Amino acid sequence: MRIWLLVGVGSSLGAVWGSFLATLVIRWPDVQSIVAERSRCDQCGTMLSARELLPLASYFLQRARARCCGASIDLLHPTAEALAGAVGLVSFSSFGWEGYSSAIFGWLLLALAIFDIRHFILPDWLNGLLLLVGLTLPMPEAALPIVDRLIGVVVGYASLTSIALLYRKLRDRDGLGGGDAKLLAGIGAWVGWQSLPTIVVAAGMLGFMAVAILKLSGSQIRTGTRLPLGTFLAAATWPVWMQLQITA
């Protein structure tokens with residue numbers, strides 16, 4: 001009975017976070033309206049009822065269309081809800097109630113990943129929140145010493161910043177955004193400096209895979225083609241974190 005309760009709580013909390021996250025990303029940068037107003041249709045602006053706000057269920061019951069205007073519901077809504085729900089489910093089912101820190105880490109990484117793949121932006125406030133929570137959140141699961149995590153912050157930021165400066169000097173244009181370095185610093189606040197090389201290599205492999213898929217699909221890949229490095233870093237990080245907790 002306890003495992004079903006954990007699964008229910010974890011997946012439900014995740015789905016709710018995913019619903020809010022999708023709205024935040026779609027209506028970015030109009031953050032004030034998200035906080036101050038009731039939820040409304042992305043297309044016509046009609047205020048939504050409670051039954052239209054049920055994570056995942058509303059999307060499928062309404063057959064992916066808004067009741068108010070018939071417009072297609074952005075696929076980001078069910079995608080974010082499902083991914084965040086999965087993060088909560090895995091975290092709580094793996095570690096019990098103590099899995100809250102893994103869930104929070106996963107949800108923050110998911111938010112950053114979606115922002116980057118959708119808008120090519122890693123908001124400073126979200127990167128800062130990742131770093132702050134990583135250094136201050138009580139972690140009942142296995143956590144590295146604070147010194148290792150502080151070093152991770154410095155190494156994470158300095159490594160990508162150095163690469164970005166070197167690239168700019170050699171190519172006379174930006175190759176990395178400043179948000180990527182801040183994201184890796186925030187990741188270092190959770191996993192410490194020891195895991196950063198593994199994460200960077202894994203993110204690079206994901207990037208190569210993305211390029212290969214784009215080429216196979218017929219897309220033109222040029223020198224200036226933008227890729228969401230932050231998304232790759234986030235996707236590579238959470239499995240590394242989970243493995244650290246399992247093997248500790």
# chains A, B, ... in the order shown; residues from 1 in each chain; ligands from 1
>>> residues_around(residues="A:Gly128", least_positions_apart="3", cutoff="9 Å", atoms="only C-alpha atoms", output="PDB file with N, CA and C atoms, in the first residue's frame")
ATOM      1  N   PRO A 123      16.948  30.965 -18.050  1.00  0.00           N
ATOM      2  CA  PRO A 123      16.724  32.138 -17.202  1.00  0.00           C
ATOM      3  C   PRO A 123      17.648  32.176 -15.988  1.00  0.00           C
ATOM      4  N   ASP A 124      18.201  33.342 -15.714  1.00  0.00           N
ATOM      5  CA  ASP A 124      19.110  33.489 -14.570  1.00  0.00           C
ATOM      6  C   ASP A 124      18.430  33.105 -13.264  1.00  0.00           C
ATOM      7  N   TRP A 125      17.162  33.476 -13.112  1.00  0.00           N
ATOM      8  CA  TRP A 125      16.474  33.191 -11.851  1.00  0.00           C
ATOM      9  C   TRP A 125      16.317  31.684 -11.638  1.00  0.00           C
ATOM     10  N   LEU A 131      21.074  26.436  -8.192  1.00  0.00           N
ATOM     11  CA  LEU A 131      22.295  26.513  -7.386  1.00  0.00           C
ATOM     12  C   LEU A 131      21.972  26.683  -5.903  1.00  0.00           C
ATOM     13  N   LEU A 132      21.069  27.605  -5.592  1.00  0.00           N
ATOM     14  CA  LEU A 132      20.725  27.887  -4.200  1.00  0.00           C
ATOM     15  C   LEU A 132      20.124  26.667  -3.510  1.00  0.00           C
ATOM     16  N   VAL A 133      19.188  26.013  -4.176  1.00  0.00           N
ATOM     17  CA  VAL A 133      18.550  24.834  -3.587  1.00  0.00           C
ATOM     18  C   VAL A 133      19.567  23.712  -3.416  1.00  0.00           C
ATOM     19  N   LYS A 182      26.348  28.948 -16.171  1.00  0.00           N
ATOM     20  CA  LYS A 182      25.605  29.077 -14.918  1.00  0.00           C
ATOM     21  C   LYS A 182      24.854  27.786 -14.599  1.00  0.00           C
ATOM     22  N   LEU A 183      24.337  27.142 -15.625  1.00  0.00           N
ATOM     23  CA  LEU A 183      23.649  25.868 -15.412  1.00  0.00           C
ATOM     24  C   LEU A 183      24.616  24.818 -14.882  1.00  0.00           C
ATOM     25  N   GLY A 186      25.261  25.368 -11.326  1.00  0.00           N
ATOM     26  CA  GLY A 186      24.150  24.881 -10.513  1.00  0.00           C
ATOM     27  C   GLY A 186      24.155  23.375 -10.381  1.00  0.00           C
TER      28      GLY A 186
END
>>> residues_around(residues="A:Leu135", least_positions_apart="2", cutoff="12 Å", atoms="only C-alpha atoms", output="number ranges by chain")
A: 101, 105, 128-133, 137-139, 143-153, 185-192
>>> atom_distance(atom1="atom CA of A:Met209", atom2="atom CA of A:Ile117")
15.0 Å
>>> closest_residue(among="A:Leu109, A:Cys68, A:Ala235, A:Ile213", to="A:Glu52", atoms="only C-alpha atoms")
A:Cys68
>>> atom_distance(atom1="atom CA of A:Leu126", atom2="atom CA of A:Leu166")
26.2 Å
>>> select_by_dssp(residues="stretch 2-229 of chain A", states="strand (DSSP E or B)", output="PDB file with C-alpha atoms, in the first residue's frame")
ATOM      1  CA  ARG A  40      -6.466  30.780 -19.662  1.00  0.00           C
ATOM      2  CA  MET A  47     -10.383  31.517 -18.610  1.00  0.00           C
ATOM      3  CA  ARG A  65      -8.254  20.602 -28.550  1.00  0.00           C
ATOM      4  CA  SER A  72      -5.026  22.581 -30.873  1.00  0.00           C
TER       5      SER A  72
END
>>> residues_around(residues="A:Gly18", least_positions_apart="3", cutoff="9 Å", atoms="only C-alpha atoms", output="short mmCIF file (atom, residue, chain, number, x, y, z; two decimals) with C-alpha atoms, in the first residue's frame")
data_model
loop_
_atom_site.label_atom_id
_atom_site.label_comp_id
_atom_site.auth_asym_id
_atom_site.auth_seq_id
_atom_site.Cartn_x
_atom_site.Cartn_y
_atom_site.Cartn_z
CA LEU A 13 3.06 16.45 -7.72
CA GLY A 14 5.18 16.08 -10.83
CA ALA A 15 2.22 16.38 -13.19
CA LEU A 21 5.95 24.68 -16.23
CA ALA A 22 4.34 24.30 -19.65
CA THR A 23 2.26 27.42 -19.07
CA PRO A 55 -2.84 17.33 -15.91
CA HIS A 77 1.43 20.61 -22.01
CA PRO A 78 1.10 16.80 -21.95
CA THR A 79 4.82 16.35 -22.61
CA ALA A 80 5.91 18.45 -19.62
CA GLU A 81 3.23 16.90 -17.40
CA ALA A 82 4.24 13.35 -18.34
CA LEU A 83 7.98 13.96 -17.92
CA ALA A 84 7.58 15.74 -14.58
CA GLY A 85 5.21 13.02 -13.40
CA TRP A 107 11.93 19.11 -11.84
CA LEU A 110 13.36 19.67 -16.60
CA ALA A 111 12.32 23.31 -16.40
#
>>> residues_around(residues="A:Arg67", least_positions_apart="3", cutoff="10 Å", atoms="only C-alpha atoms", output="ChimeraX atom specification")
/A:41,46,48,52,62-64,70-73
>>> write_last_selection(atoms="C-alpha atoms", output="PDB file, in the first residue's frame")
ATOM      1  CA  CYS A  41      -6.452  29.335 -23.151  1.00  0.00           C
ATOM      2  CA  THR A  46     -10.623  32.379 -22.311  1.00  0.00           C
ATOM      3  CA  LEU A  48     -10.248  27.765 -18.088  1.00  0.00           C
ATOM      4  CA  GLU A  52      -9.876  21.771 -18.215  1.00  0.00           C
ATOM      5  CA  GLN A  62     -10.583  16.975 -24.970  1.00  0.00           C
ATOM      6  CA  ARG A  63      -8.798  15.153 -27.805  1.00  0.00           C
ATOM      7  CA  ALA A  64      -5.957  17.679 -27.824  1.00  0.00           C
ATOM      8  CA  GLY A  70     -11.307  24.365 -30.804  1.00  0.00           C
ATOM      9  CA  ALA A  71      -7.647  25.281 -31.271  1.00  0.00           C
ATOM     10  CA  SER A  72      -5.026  22.581 -30.873  1.00  0.00           C
ATOM     11  CA  ILE A  73      -3.537  22.369 -27.383  1.00  0.00           C
TER      12      ILE A  73
END
>>> select_by_dssp(residues="stretch 74-232 of chain A", states="helix (DSSP H, G or I)", output="PDB file with C-alpha atoms, in the first residue's frame")
ATOM      1  CA  LEU A  76       4.231  20.893 -24.600  1.00  0.00           C
ATOM      2  CA  HIS A  77       1.433  20.608 -22.008  1.00  0.00           C
ATOM      3  CA  PRO A  78       1.104  16.797 -21.946  1.00  0.00           C
ATOM      4  CA  THR A  79       4.824  16.353 -22.614  1.00  0.00           C
ATOM      5  CA  ALA A  80       5.905  18.448 -19.618  1.00  0.00           C
ATOM      6  CA  GLU A  81       3.230  16.896 -17.398  1.00  0.00           C
ATOM      7  CA  ALA A  82       4.236  13.353 -18.340  1.00  0.00           C
ATOM      8  CA  LEU A  83       7.977  13.960 -17.915  1.00  0.00           C
ATOM      9  CA  ALA A  84       7.577  15.744 -14.578  1.00  0.00           C
ATOM     10  CA  GLY A  85       5.210  13.024 -13.399  1.00  0.00           C
ATOM     11  CA  ALA A  86       7.781  10.389 -14.349  1.00  0.00           C
ATOM     12  CA  VAL A  87      10.497  12.225 -12.416  1.00  0.00           C
ATOM     13  CA  GLY A  88       8.321  12.282  -9.302  1.00  0.00           C
ATOM     14  CA  LEU A  89       7.295   8.659  -9.720  1.00  0.00           C
ATOM     15  CA  VAL A  90      10.874   7.384 -10.097  1.00  0.00           C
ATOM     16  CA  SER A  91      12.215   9.546  -7.257  1.00  0.00           C
ATOM     17  CA  PHE A  92       9.637   8.573  -4.641  1.00  0.00           C
ATOM     18  CA  SER A  93       9.343   4.931  -5.662  1.00  0.00           C
ATOM     19  CA  SER A  94      13.152   4.564  -5.538  1.00  0.00           C
ATOM     20  CA  PHE A  95      13.893   6.340  -2.255  1.00  0.00           C
ATOM     21  CA  GLY A  96      10.561   6.652  -0.448  1.00  0.00           C
ATOM     22  CA  TRP A  97       9.656   9.980   1.116  1.00  0.00           C
ATOM     23  CA  GLU A  98      13.354  10.833   1.163  1.00  0.00           C
ATOM     24  CA  GLY A  99      13.241  11.019  -2.610  1.00  0.00           C
ATOM     25  CA  TYR A 100      11.942  14.580  -2.482  1.00  0.00           C
ATOM     26  CA  SER A 101      15.395  16.027  -3.160  1.00  0.00           C
ATOM     27  CA  SER A 102      15.836  13.894  -6.283  1.00  0.00           C
ATOM     28  CA  ALA A 103      12.385  14.953  -7.457  1.00  0.00           C
ATOM     29  CA  ILE A 104      13.101  18.646  -6.895  1.00  0.00           C
ATOM     30  CA  PHE A 105      16.420  18.346  -8.710  1.00  0.00           C
ATOM     31  CA  GLY A 106      14.752  16.572 -11.626  1.00  0.00           C
ATOM     32  CA  TRP A 107      11.930  19.112 -11.842  1.00  0.00           C
ATOM     33  CA  LEU A 108      14.332  22.053 -11.881  1.00  0.00           C
ATOM     34  CA  LEU A 109      16.473  20.395 -14.546  1.00  0.00           C
ATOM     35  CA  LEU A 110      13.363  19.672 -16.596  1.00  0.00           C
ATOM     36  CA  ALA A 111      12.319  23.312 -16.405  1.00  0.00           C
ATOM     37  CA  LEU A 112      15.706  24.469 -17.655  1.00  0.00           C
ATOM     38  CA  ALA A 113      15.775  21.822 -20.390  1.00  0.00           C
ATOM     39  CA  ILE A 114      12.376  22.852 -21.726  1.00  0.00           C
ATOM     40  CA  PHE A 115      13.190  26.556 -21.615  1.00  0.00           C
ATOM     41  CA  ASP A 116      16.365  25.951 -23.627  1.00  0.00           C
ATOM     42  CA  ILE A 117      14.859  23.681 -26.258  1.00  0.00           C
ATOM     43  CA  ARG A 118      11.861  25.989 -26.707  1.00  0.00           C
ATOM     44  CA  HIS A 119      13.392  29.478 -26.433  1.00  0.00           C
ATOM     45  CA  ASP A 124      19.110  33.489 -14.570  1.00  0.00           C
ATOM     46  CA  TRP A 125      16.474  33.191 -11.851  1.00  0.00           C
ATOM     47  CA  LEU A 126      16.000  29.498 -12.616  1.00  0.00           C
ATOM     48  CA  ASN A 127      19.743  28.798 -12.773  1.00  0.00           C
ATOM     49  CA  GLY A 128      20.134  30.678  -9.522  1.00  0.00           C
ATOM     50  CA  LEU A 129      17.352  28.688  -7.905  1.00  0.00           C
ATOM     51  CA  LEU A 130      19.017  25.438  -8.983  1.00  0.00           C
ATOM     52  CA  LEU A 131      22.295  26.513  -7.386  1.00  0.00           C
ATOM     53  CA  LEU A 132      20.725  27.887  -4.200  1.00  0.00           C
ATOM     54  CA  VAL A 133      18.550  24.834  -3.587  1.00  0.00           C
ATOM     55  CA  GLY A 134      21.475  22.504  -4.299  1.00  0.00           C
ATOM     56  CA  LEU A 135      23.592  24.151  -1.609  1.00  0.00           C
ATOM     57  CA  THR A 136      20.885  24.643   1.030  1.00  0.00           C
ATOM     58  CA  ILE A 146      29.533  20.732   0.901  1.00  0.00           C
ATOM     59  CA  VAL A 147      33.173  21.436  -0.003  1.00  0.00           C
ATOM     60  CA  ASP A 148      32.948  19.130  -3.037  1.00  0.00           C
ATOM     61  CA  ARG A 149      29.744  20.830  -4.132  1.00  0.00           C
ATOM     62  CA  LEU A 150      31.190  24.318  -3.707  1.00  0.00           C
ATOM     63  CA  ILE A 151      34.158  23.260  -5.817  1.00  0.00           C
ATOM     64  CA  GLY A 152      31.645  21.894  -8.316  1.00  0.00           C
ATOM     65  CA  VAL A 153      30.049  25.340  -8.577  1.00  0.00           C
ATOM     66  CA  VAL A 154      33.392  26.996  -9.324  1.00  0.00           C
ATOM     67  CA  VAL A 155      34.627  24.296 -11.706  1.00  0.00           C
ATOM     68  CA  GLY A 156      31.317  24.111 -13.534  1.00  0.00           C
ATOM     69  CA  TYR A 157      31.153  27.840 -14.161  1.00  0.00           C
ATOM     70  CA  ALA A 158      34.856  28.331 -14.904  1.00  0.00           C
ATOM     71  CA  SER A 159      35.148  25.428 -17.352  1.00  0.00           C
ATOM     72  CA  LEU A 160      32.380  26.469 -19.735  1.00  0.00           C
ATOM     73  CA  THR A 161      33.173  30.168 -19.376  1.00  0.00           C
ATOM     74  CA  SER A 162      36.779  29.458 -20.387  1.00  0.00           C
ATOM     75  CA  ILE A 163      35.634  27.458 -23.406  1.00  0.00           C
ATOM     76  CA  ALA A 164      33.238  30.226 -24.425  1.00  0.00           C
ATOM     77  CA  LEU A 165      35.949  32.896 -24.171  1.00  0.00           C
ATOM     78  CA  LEU A 166      38.422  30.774 -26.116  1.00  0.00           C
ATOM     79  CA  TYR A 167      35.867  30.061 -28.841  1.00  0.00           C
ATOM     80  CA  ARG A 168      35.039  33.738 -29.171  1.00  0.00           C
ATOM     81  CA  LYS A 169      38.712  34.647 -29.455  1.00  0.00           C
ATOM     82  CA  LEU A 170      39.382  32.012 -32.128  1.00  0.00           C
ATOM     83  CA  ARG A 171      36.166  32.415 -34.154  1.00  0.00           C
ATOM     84  CA  GLY A 178      26.403  32.518 -20.547  1.00  0.00           C
ATOM     85  CA  GLY A 179      23.472  30.533 -19.210  1.00  0.00           C
ATOM     86  CA  ASP A 180      25.189  27.232 -19.992  1.00  0.00           C
ATOM     87  CA  ALA A 181      28.073  28.021 -17.608  1.00  0.00           C
ATOM     88  CA  LYS A 182      25.605  29.077 -14.918  1.00  0.00           C
ATOM     89  CA  LEU A 183      23.649  25.868 -15.412  1.00  0.00           C
ATOM     90  CA  LEU A 184      26.762  23.711 -15.019  1.00  0.00           C
ATOM     91  CA  ALA A 185      27.613  25.676 -11.866  1.00  0.00           C
ATOM     92  CA  GLY A 186      24.150  24.881 -10.513  1.00  0.00           C
ATOM     93  CA  ILE A 187      24.596  21.228 -11.420  1.00  0.00           C
ATOM     94  CA  GLY A 188      27.936  21.231  -9.583  1.00  0.00           C
ATOM     95  CA  ALA A 189      26.099  22.419  -6.460  1.00  0.00           C
ATOM     96  CA  TRP A 190      24.251  19.077  -6.471  1.00  0.00           C
ATOM     97  CA  VAL A 191      26.652  16.478  -7.842  1.00  0.00           C
ATOM     98  CA  LEU A 196      31.027  17.066 -14.014  1.00  0.00           C
ATOM     99  CA  PRO A 197      33.357  15.487 -16.640  1.00  0.00           C
ATOM    100  CA  THR A 198      30.967  12.554 -17.060  1.00  0.00           C
ATOM    101  CA  ILE A 199      28.016  14.912 -17.459  1.00  0.00           C
ATOM    102  CA  VAL A 200      29.774  17.127 -20.003  1.00  0.00           C
ATOM    103  CA  VAL A 201      30.869  14.127 -22.089  1.00  0.00           C
ATOM    104  CA  ALA A 202      27.372  12.624 -21.962  1.00  0.00           C
ATOM    105  CA  ALA A 203      25.847  15.974 -22.961  1.00  0.00           C
ATOM    106  CA  GLY A 204      28.255  16.156 -25.880  1.00  0.00           C
ATOM    107  CA  MET A 205      27.201  12.689 -27.018  1.00  0.00           C
ATOM    108  CA  LEU A 206      23.549  13.715 -26.839  1.00  0.00           C
ATOM    109  CA  GLY A 207      24.411  16.751 -28.946  1.00  0.00           C
ATOM    110  CA  PHE A 208      26.077  14.592 -31.605  1.00  0.00           C
ATOM    111  CA  MET A 209      23.051  12.310 -31.605  1.00  0.00           C
ATOM    112  CA  ALA A 210      20.762  15.307 -32.072  1.00  0.00           C
ATOM    113  CA  VAL A 211      22.841  16.534 -35.023  1.00  0.00           C
ATOM    114  CA  ALA A 212      22.765  13.059 -36.596  1.00  0.00           C
ATOM    115  CA  ILE A 213      18.984  12.868 -36.227  1.00  0.00           C
ATOM    116  CA  LEU A 214      18.552  16.334 -37.745  1.00  0.00           C
ATOM    117  CA  LYS A 215      20.743  15.398 -40.708  1.00  0.00           C
ATOM    118  CA  LEU A 216      18.873  12.150 -41.266  1.00  0.00           C
ATOM    119  CA  LEU A 229      23.352  22.634 -24.849  1.00  0.00           C
ATOM    120  CA  GLY A 230      21.451  23.336 -21.636  1.00  0.00           C
ATOM    121  CA  THR A 231      18.890  20.692 -22.578  1.00  0.00           C
ATOM    122  CA  PHE A 232      21.652  18.154 -23.189  1.00  0.00           C
TER     123      PHE A 232
END
>>> atom_distance(atom1="atom CA of A:Ser39", atom2="atom CA of A:Ala66")
12.8 Å
